[in-house]
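protein14.txt, holding compact mmCIF, C-alpha atoms:
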# COMPACT_ATOMS: atom_id res chain seq x y z
CA MET A 12 88.99 94.36 7.62
CA LYS A 13 89.16 98.11 8.18
CA ILE A 14 92.50 99.81 7.42
CA ALA A 15 92.95 103.41 8.56
CA ILE A 16 95.62 105.81 7.28
CA THR A 17 96.69 108.93 9.17
CA GLY A 18 97.81 111.95 7.15
CA ALA A 19 95.72 110.61 4.30
CA THR A 20 95.81 113.86 2.31
CA GLY A 21 99.58 114.15 2.56
CA GLN A 22 101.96 113.21 -0.25
CA LEU A 23 102.76 109.77 1.13
CA GLY A 24 99.28 109.14 2.52
CA GLN A 25 97.57 109.63 -0.83
CA LEU A 26 100.02 107.27 -2.53
CA VAL A 27 99.44 104.63 0.15
CA ILE A 28 95.71 104.84 -0.41
CA HIS A 29 96.10 104.56 -4.19
CA SER A 30 98.27 101.48 -3.65
CA LEU A 31 95.75 100.01 -1.20
CA LEU A 32 93.01 100.35 -3.79
CA LYS A 33 94.94 97.89 -5.96
CA ASN A 34 95.02 95.34 -3.14
CA THR A 35 91.76 95.66 -1.23
CA ALA A 36 88.17 96.85 -1.61
CA VAL A 37 87.43 100.53 -1.20
CA GLU A 38 85.08 99.85 1.72
CA ASN A 39 88.06 98.51 3.69
CA ILE A 40 89.89 101.85 3.63
CA VAL A 41 89.42 104.72 6.09
CA ALA A 42 91.16 108.05 5.49
CA LEU A 43 91.94 109.92 8.70
CA VAL A 44 92.12 113.61 7.86
CA ARG A 45 92.32 116.91 9.70
CA ASN A 46 90.70 118.89 6.88
CA GLU A 47 87.98 117.00 5.02
CA SER A 48 87.78 119.67 2.31
CA LYS A 49 91.26 118.59 1.18
CA ALA A 50 90.05 115.01 0.80
CA ALA A 51 87.33 115.55 -1.79
CA ASP A 52 89.15 113.32 -4.30
CA LEU A 53 89.33 110.49 -1.77
CA LYS A 54 85.65 110.85 -0.94
CA ALA A 55 84.84 110.78 -4.65
CA LYS A 56 86.52 107.38 -4.85
CA GLY A 57 84.15 106.10 -2.17
CA ILE A 58 86.69 106.15 0.66
CA GLU A 59 85.32 106.74 4.15
CA LEU A 60 86.63 109.94 5.73
CA ARG A 61 86.98 110.45 9.47
CA HIS A 62 88.07 113.66 11.16
CA PHE A 63 91.42 113.15 12.91
CA ASP A 64 93.36 115.93 14.62
CA TYR A 65 96.50 115.04 16.59
CA ASP A 66 96.03 118.19 18.66
CA ALA A 67 92.55 117.14 19.81
CA PRO A 68 93.53 113.84 21.48
CA GLU A 69 90.17 113.43 23.22
CA THR A 70 88.52 112.89 19.81
CA LEU A 71 90.93 110.31 18.39
CA ALA A 72 89.69 107.10 20.00
CA SER A 73 86.18 107.48 18.60
CA ALA A 74 87.65 108.05 15.12
CA LEU A 75 89.45 104.71 15.41
CA SER A 76 86.36 102.70 16.34
CA GLY A 77 86.21 99.43 14.41
CA ILE A 78 89.68 99.79 12.89
CA ASP A 79 91.65 96.56 12.47
CA LYS A 80 94.91 98.00 11.15
CA LEU A 81 96.27 101.52 11.56
CA LEU A 82 99.07 103.11 9.55
CA LEU A 83 100.60 105.96 11.53
CA ILE A 84 102.44 108.13 9.04
CA SER A 85 104.89 110.20 11.05
CA ALA A 86 103.67 113.75 11.63
CA ASN A 87 105.38 116.62 9.83
CA GLU A 88 105.87 119.00 12.76
CA VAL A 89 109.42 118.23 13.84
CA GLY A 90 109.77 118.76 17.57
CA ARG A 91 106.11 117.95 18.23
CA ARG A 92 105.99 114.47 16.76
CA THR A 93 106.43 112.45 19.94
CA PRO A 94 103.44 113.88 21.86
CA GLN A 95 101.29 113.80 18.72
CA HIS A 96 102.22 110.19 18.03
CA LYS A 97 101.62 109.29 21.67
CA ALA A 98 98.10 110.67 21.42
CA VAL A 99 97.43 108.42 18.40
CA ILE A 100 98.96 105.33 20.04
CA ASP A 101 96.99 105.90 23.25
CA ALA A 102 93.79 106.35 21.25
CA ALA A 103 94.46 103.16 19.25
CA LYS A 104 94.87 101.22 22.46
CA GLN A 105 91.71 102.76 23.94
CA ALA A 106 89.73 101.97 20.78
CA GLY A 107 90.88 98.36 20.71
CA VAL A 108 92.90 98.66 17.51
CA PRO A 109 95.03 95.48 17.55
CA TYR A 110 97.78 96.51 15.11
CA ILE A 111 99.73 99.58 14.11
CA ALA A 112 102.28 100.12 11.35
CA TYR A 113 104.53 103.15 11.71
CA THR A 114 106.65 105.00 9.13
CA SER A 115 109.90 105.37 11.01
CA LEU A 116 113.44 106.19 9.87
CA LEU A 117 116.17 103.98 8.41
CA ASN A 118 118.21 102.47 11.24
CA ALA A 119 116.24 104.58 13.70
CA ASP A 120 117.84 102.96 16.73
CA THR A 121 121.37 103.94 15.64
CA SER A 122 120.87 106.77 13.13
CA PRO A 123 122.85 109.96 13.90
CA LEU A 124 120.24 112.13 12.17
CA GLY A 125 118.65 114.75 14.38
CA LEU A 126 115.25 113.49 13.23
CA ALA A 127 115.92 110.03 14.61
CA GLN A 128 115.21 110.79 18.26
CA GLU A 129 111.46 111.30 17.81
CA HIS A 130 111.28 108.11 15.76
CA ARG A 131 113.11 106.18 18.50
CA GLU A 132 110.72 107.59 21.08
CA THR A 133 107.69 106.66 18.97
CA GLU A 134 108.92 103.12 18.37
CA ARG A 135 109.37 102.71 22.12
CA LEU A 136 105.85 104.02 22.80
CA ILE A 137 104.42 101.51 20.31
CA LYS A 138 106.35 98.61 21.81
CA ASP A 139 105.29 99.63 25.32
CA SER A 140 101.63 99.85 24.22
CA GLY A 141 101.39 96.10 23.78
CA LEU A 142 99.92 96.49 20.28
CA LYS A 143 101.14 94.32 17.45
CA TYR A 144 103.25 96.46 15.16
CA THR A 145 105.39 96.80 12.07
CA PHE A 146 108.09 99.44 11.81
CA LEU A 147 108.56 100.68 8.25
CA ARG A 148 111.91 102.42 8.58
CA ASN A 149 111.94 104.59 5.48
CA ASN A 150 115.18 106.05 4.20
CA TRP A 151 115.14 109.53 2.60
CA TYR A 152 112.68 110.19 -0.20
CA SER A 153 114.34 110.70 -3.59
CA GLU A 154 111.91 113.59 -4.06
CA ASN A 155 113.83 115.47 -1.37
CA TYR A 156 116.59 115.97 -3.95
CA LEU A 157 114.37 116.76 -6.92
CA GLY A 158 112.32 119.81 -5.99
CA SER A 159 114.72 122.24 -7.65
CA VAL A 160 115.96 120.19 -10.61
CA ALA A 161 114.83 122.79 -13.16
CA HIS A 162 116.61 125.54 -11.21
CA THR A 163 119.72 123.36 -10.97
CA VAL A 164 119.74 123.03 -14.75
CA GLU A 165 119.26 126.77 -15.12
CA ILE A 166 122.21 127.72 -12.90
CA GLY A 167 124.36 124.71 -13.83
CA THR A 168 125.19 123.83 -10.23
CA LEU A 169 123.84 121.38 -7.68
CA TYR A 170 124.71 122.52 -4.18
CA GLY A 171 125.02 120.40 -1.08
CA ALA A 172 127.23 119.44 1.84
CA ALA A 173 127.16 115.65 1.54
CA GLY A 174 130.65 115.17 0.12
CA LEU A 175 130.99 111.73 -1.44
CA GLY A 176 128.39 110.18 0.84
CA LYS A 177 126.25 107.52 -0.83
CA ILE A 178 122.47 107.88 -0.73
CA SER A 179 120.17 104.85 -0.95
CA SER A 180 116.93 106.76 -1.33
CA ALA A 181 113.70 105.58 -2.95
CA SER A 182 110.61 107.24 -4.35
CA ARG A 183 107.54 107.96 -2.24
CA GLN A 184 105.68 105.56 -4.51
CA ASP A 185 108.08 102.77 -3.58
CA TYR A 186 107.56 103.36 0.14
CA ALA A 187 103.80 103.65 -0.37
CA GLU A 188 103.67 100.29 -2.15
CA ALA A 189 105.58 98.70 0.73
CA ALA A 190 103.16 100.11 3.29
CA ALA A 191 100.16 98.90 1.32
CA LYS A 192 101.71 95.44 0.97
CA VAL A 193 102.30 95.16 4.73
CA LEU A 194 98.76 96.34 5.49
CA THR A 195 97.13 93.84 3.15
CA SER A 196 99.21 90.71 3.75
CA GLU A 197 100.20 88.51 6.67
CA ASP A 198 103.30 87.67 8.72
CA HIS A 199 104.46 91.22 9.45
CA ASP A 200 103.59 91.35 13.16
CA ASN A 201 106.31 92.78 15.39
CA LYS A 202 108.77 93.06 12.50
CA THR A 203 111.08 95.90 11.55
CA TYR A 204 111.90 96.60 7.89
CA GLU A 205 114.87 98.74 6.90
CA LEU A 206 113.58 100.31 3.69
CA ALA A 207 116.05 101.78 1.21
CA GLY A 208 116.61 102.06 -2.52
CA SER A 209 117.95 99.23 -4.65
CA THR A 210 120.74 101.50 -5.92
CA SER A 211 122.79 104.30 -4.40
CA PHE A 212 124.21 107.58 -5.67
CA THR A 213 126.26 110.55 -4.54
CA LEU A 214 125.17 114.13 -5.18
CA ALA A 215 127.97 114.30 -7.77
CA ASP A 216 126.34 111.30 -9.50
CA LEU A 217 123.00 113.08 -9.39
CA ALA A 218 124.54 116.19 -10.98
CA LYS A 219 125.93 114.01 -13.80
CA ASP A 220 122.50 112.44 -14.35
CA ILE A 221 120.85 115.86 -14.49
CA ALA A 222 123.48 117.04 -16.98
CA LYS A 223 123.10 114.00 -19.21
CA ILE A 224 119.31 114.13 -19.25
CA SER A 225 119.05 117.90 -19.69
CA GLY A 226 121.90 118.22 -22.17
CA LYS A 227 123.26 121.11 -20.13
CA ALA A 228 126.44 121.42 -18.10
CA VAL A 229 125.68 120.69 -14.44
CA THR A 230 128.24 120.09 -11.70
CA TYR A 231 128.05 119.38 -8.00
CA GLN A 232 129.53 121.94 -5.63
CA ASN A 233 130.19 120.71 -2.12
CA LEU A 234 129.85 123.43 0.52
CA THR A 235 130.72 123.58 4.18
CA ALA A 236 127.78 123.11 6.51
CA GLU A 237 127.96 126.79 7.42
CA ASP A 238 127.97 127.99 3.80
CA TYR A 239 125.16 125.60 2.84
CA THR A 240 123.09 126.82 5.77
CA GLN A 241 123.52 130.44 4.75
CA ALA A 242 122.72 129.67 1.10
CA LEU A 243 119.45 127.93 2.03
CA LEU A 244 118.44 130.71 4.42
CA GLN A 245 119.13 133.30 1.73
CA ALA A 246 116.98 131.26 -0.65
CA GLY A 247 114.08 131.82 1.75
CA LEU A 248 113.79 128.43 3.44
CA ALA A 249 112.59 128.33 7.03
CA ALA A 250 115.32 127.90 9.62
CA GLY A 251 113.88 124.65 10.97
CA LEU A 252 113.79 123.09 7.51
CA VAL A 253 117.31 124.29 6.80
CA ASP A 254 118.54 122.57 9.95
CA VAL A 255 117.01 119.28 8.78
CA ILE A 256 118.44 119.56 5.25
CA VAL A 257 121.96 120.47 6.37
CA ASP A 258 122.00 117.83 9.11
CA ALA A 259 120.94 115.24 6.52
CA ASP A 260 123.85 116.16 4.26
CA ILE A 261 126.37 116.20 7.11
CA GLN A 262 125.26 112.74 8.20
CA THR A 263 125.13 111.51 4.60
CA GLU A 264 128.87 112.13 4.32
CA LYS A 265 129.25 109.90 7.39
CA GLY A 266 127.19 107.10 5.82
CA ALA A 267 123.75 107.65 7.38
CA MET A 268 121.85 107.50 4.06
CA PHE A 269 123.56 104.39 2.70
CA SER A 270 122.06 100.94 3.07
CA GLU A 271 122.43 97.57 1.39
CA SER A 272 119.11 96.33 2.79
CA LYS A 273 116.83 94.67 0.24
CA ASP A 274 113.75 94.80 2.48
CA LEU A 275 112.03 97.39 0.28
CA GLU A 276 112.45 95.64 -3.05
CA ASN A 277 111.54 92.32 -1.43
CA LEU A 278 108.29 93.78 -0.07
CA ILE A 279 107.23 95.43 -3.32
CA GLY A 280 108.49 92.61 -5.56
CA HIS A 281 110.66 94.73 -7.85
CA LYS A 282 113.63 97.09 -7.87
CA THR A 283 112.98 100.60 -6.59
CA THR A 284 112.73 103.55 -8.97
CA PRO A 285 116.18 104.91 -9.95
CA ILE A 286 116.47 108.61 -9.22
CA LYS A 287 117.63 109.25 -12.80
CA ASP A 288 114.24 107.99 -14.01
CA GLN A 289 112.55 110.57 -11.81
CA VAL A 290 114.87 113.30 -13.10
CA LYS A 291 113.97 112.31 -16.66
CA ALA A 292 110.26 112.43 -15.85
CA ILE A 293 110.61 115.93 -14.41
CA LEU A 294 112.70 117.37 -17.22
CA THR A 295 110.70 115.83 -20.07
CA SER A 296 107.22 116.53 -18.67

Before anything else, please render the file you have as structure tokens.
Amino acid sequence: MKIAITGATGQLGQLVIHSLLKNTAVENIVALVRNESKAADLKAKGIELRHFDYDAPETLASALSGIDKLLLISANEVGRRTPQHKAVIDAAKQAGVPYIAYTSLLNADTSPLGLAQEHRETERLIKDSGLKYTFLRNNWYSENYLGSVAHTVEIGTLYGAAGLGKISSASRQDYAEAAAKVLTSEDHDNKTYELAGSTSFTLADLAKDIAKISGKAVTYQNLTAEDYTQALLQAGLAAGLVDVIVDADIQTEKGAMFSESKDLENLIGHKTTPIKDQVKAILTS
């Protein structure tokens, strides 16, 4: 059984591989990477590396030779994902790969998020390919809210535009465990899993958690979409990333990040990691 992982040197990809190593032999794992120099740690573990570049589609089928299961981790270039994913799906079909799992988006078929369209298009391409599949519809990563926790403590304010919208996020590790479980067990063919955290929070709740754990006064300040956009641009974030962040908050207020699905905790066999535990790990490290 050969299991291949795209984006294997990425944040999620590495965690998936580490989880796979707990469930299957190292010789069963193939890391598909664009830059092999970034995969030295994987190679040191005995994992087979294969060069894999979405933008060189003519080379992809040969890299998938002998693969039994493929995890397509969605590409990170928003706006280019659909053609890149199509190249991978076409190559999988050409190489005779019988099964593909894809990291999609929570409620991709109905989600109002701007990111959802490319996920919908990719899911359709996979269904049309005739391959067996599993859609792992991941909600937002909790880490998306934690990159500036120390700065939030320093200034005493958590900014956003999500209002009182509830967020059912989970850690990358939680999603990685779910992917590894699906790839190493049976009865997941042609199934769709809506993956979300066991608990939910608002950004005001997150600010309270940060305050309690840090011992400093921290409050949440809700901004208009326009003001939040300007604040992020002034902080030096790229315009494309700002659009994604602000859109996520706008849609959060409308309920896009909330889910009562227990698919994730059922797959991994335990509750997902509470975001306050991650805050504590960051602030006490």

query: Separation of CA of Asn233 in chain A and CA of Ile166 in chain A, in Å?
result: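 Computing the Euclidean distance for CA of Asn233 in chain A and CA of Ile166 in chain A yields 15.1 Å.
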
query: What gap, in Å, lies between CA of Ala161 in chain A and CA of Ser225 in chain A?
result: 9.2 Å

message: Here is a test: counting only C-alpha atoms, which residue of A:Val27, A:Ala249, A:Leu116, A:Leu142 is nearest to Val193 in chain A?
response: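 Among the listed residues, the smallest separation from Val193 in chain A belongs to A:Val27.
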
field: Given all atoms listed in the file as the counted atoms, nearest of A:Ile28, A:Ala42, A:Leu275, A:Leu248 to Ala207 in chain A
entry: A:Leu275

- prompt: A:Ala228, A:Leu217, A:Leu75, A:Ile111: which is nearest Gln289 in chain A, counting only C-alpha atoms?
  reply: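 Counting only C-alpha atoms, the residue closest to Gln289 in chain A is A:Leu217.
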
message: Considering only C-alpha atoms, can you say which of A:Ile221, A:Tyr239, A:His29, A:Val108 comes closest to Ser159 in chain A?
response: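 Between A:Ile221, A:Tyr239, A:His29, A:Val108, the residue approaching Ser159 in chain A most closely is A:Ile221.
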
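In terms of minimum interatomic distance to Gln232 in chain A, A:Leu214 ranks closest within A:Ala98, A:Ala74, A:Leu214, A:Ile40, counting all atoms listed in the file.
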
- prompt: Between A:Ala259, A:Leu81, A:Ala172, A:Ala215, which has the minimum distance to Ala242 in chain A (counting only C-alpha atoms)?
  reply: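 Of all the options, A:Ala172 lies closest to Ala242 in chain A.
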
message: Excluding Thr35 in chain A and its own-chain neighbours fewer than 6 positions away, which residues fall within 12 Å of it when counting all atoms listed in the file? Please give them as a ChimeraX atom specification.
response: /A:12-14,27-29,41,58,191-192,194-196

Enclose the full set of atoms of range 214-220 of chain A listed in the file within a box whose edges lie along x, y and z, apply 6 Å of padding to each of the six sides, and report centre and edge lengths in Å to one decimal as JSON.
{"center_x": 125.2, "center_y": 113.7, "center_z": -9.8, "size_x": 17.5, "size_y": 16.9, "size_z": 21.2}

- request: Could you give me, as a ChimeraX atom specification, the residues that have an atom at most 10 Å away from the point (125.5, 106.1, 9.1) in the coordinates of the file, using all atoms listed in the file?
  value: /A:117-118,121-124,176,262-270

message: Residues within 12 Å of (99.9, 109.2, 3.3), file coordinates, counting all atoms listed in the file: what are they? Give the list as a ChimeraX atom specification.
response: /A:15-31,41-44,50,53,81-87,113-114,183-184,186-188,190-191

task: Figure out the distance between CA of Lys287 in chain A and CA of Thr230 in chain A, please, to one decimal in Å.
output: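 CA of Lys287 in chain A lies 15.2 Å from CA of Thr230 in chain A.
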
task: Extract, using all atoms listed in the file, all DNA, RNA and protein residues at most 8 Å from Asp220 in chain A, discarding same-chain residues fewer than 4 positions from it, and format them as a PyMOL selection string.
output: chain A and resi 216+224+287+290

query: Contacts of Lys282 in chain A at 9 Å or less, counting all atoms listed in the file, minus same-chain residues fewer than 6 places along, as a list in words?
result: Gly208, Ser209, Thr210, Leu275 and Glu276 of chain A

- prompt: Contacts of Tyr65 in chain A at 7 Å or less, counting all atoms listed in the file, minus same-chain residues fewer than 3 places along, as a ChimeraX atom specification?
  reply: /A:68,95,98-99

task: With a distance cut-off of 8 Å and all atoms listed in the file, select the neighbouring residues of Thr168 in chain A, excluding the residue or stretch itself and same-chain residues fewer than 3 positions from it, and output the selection as a list of chain:residue names.
output: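 In the requested format, the answer is A:Thr163, A:Val164, A:Ala218, A:Val229, A:Thr230, A:Tyr231, A:Gln232.
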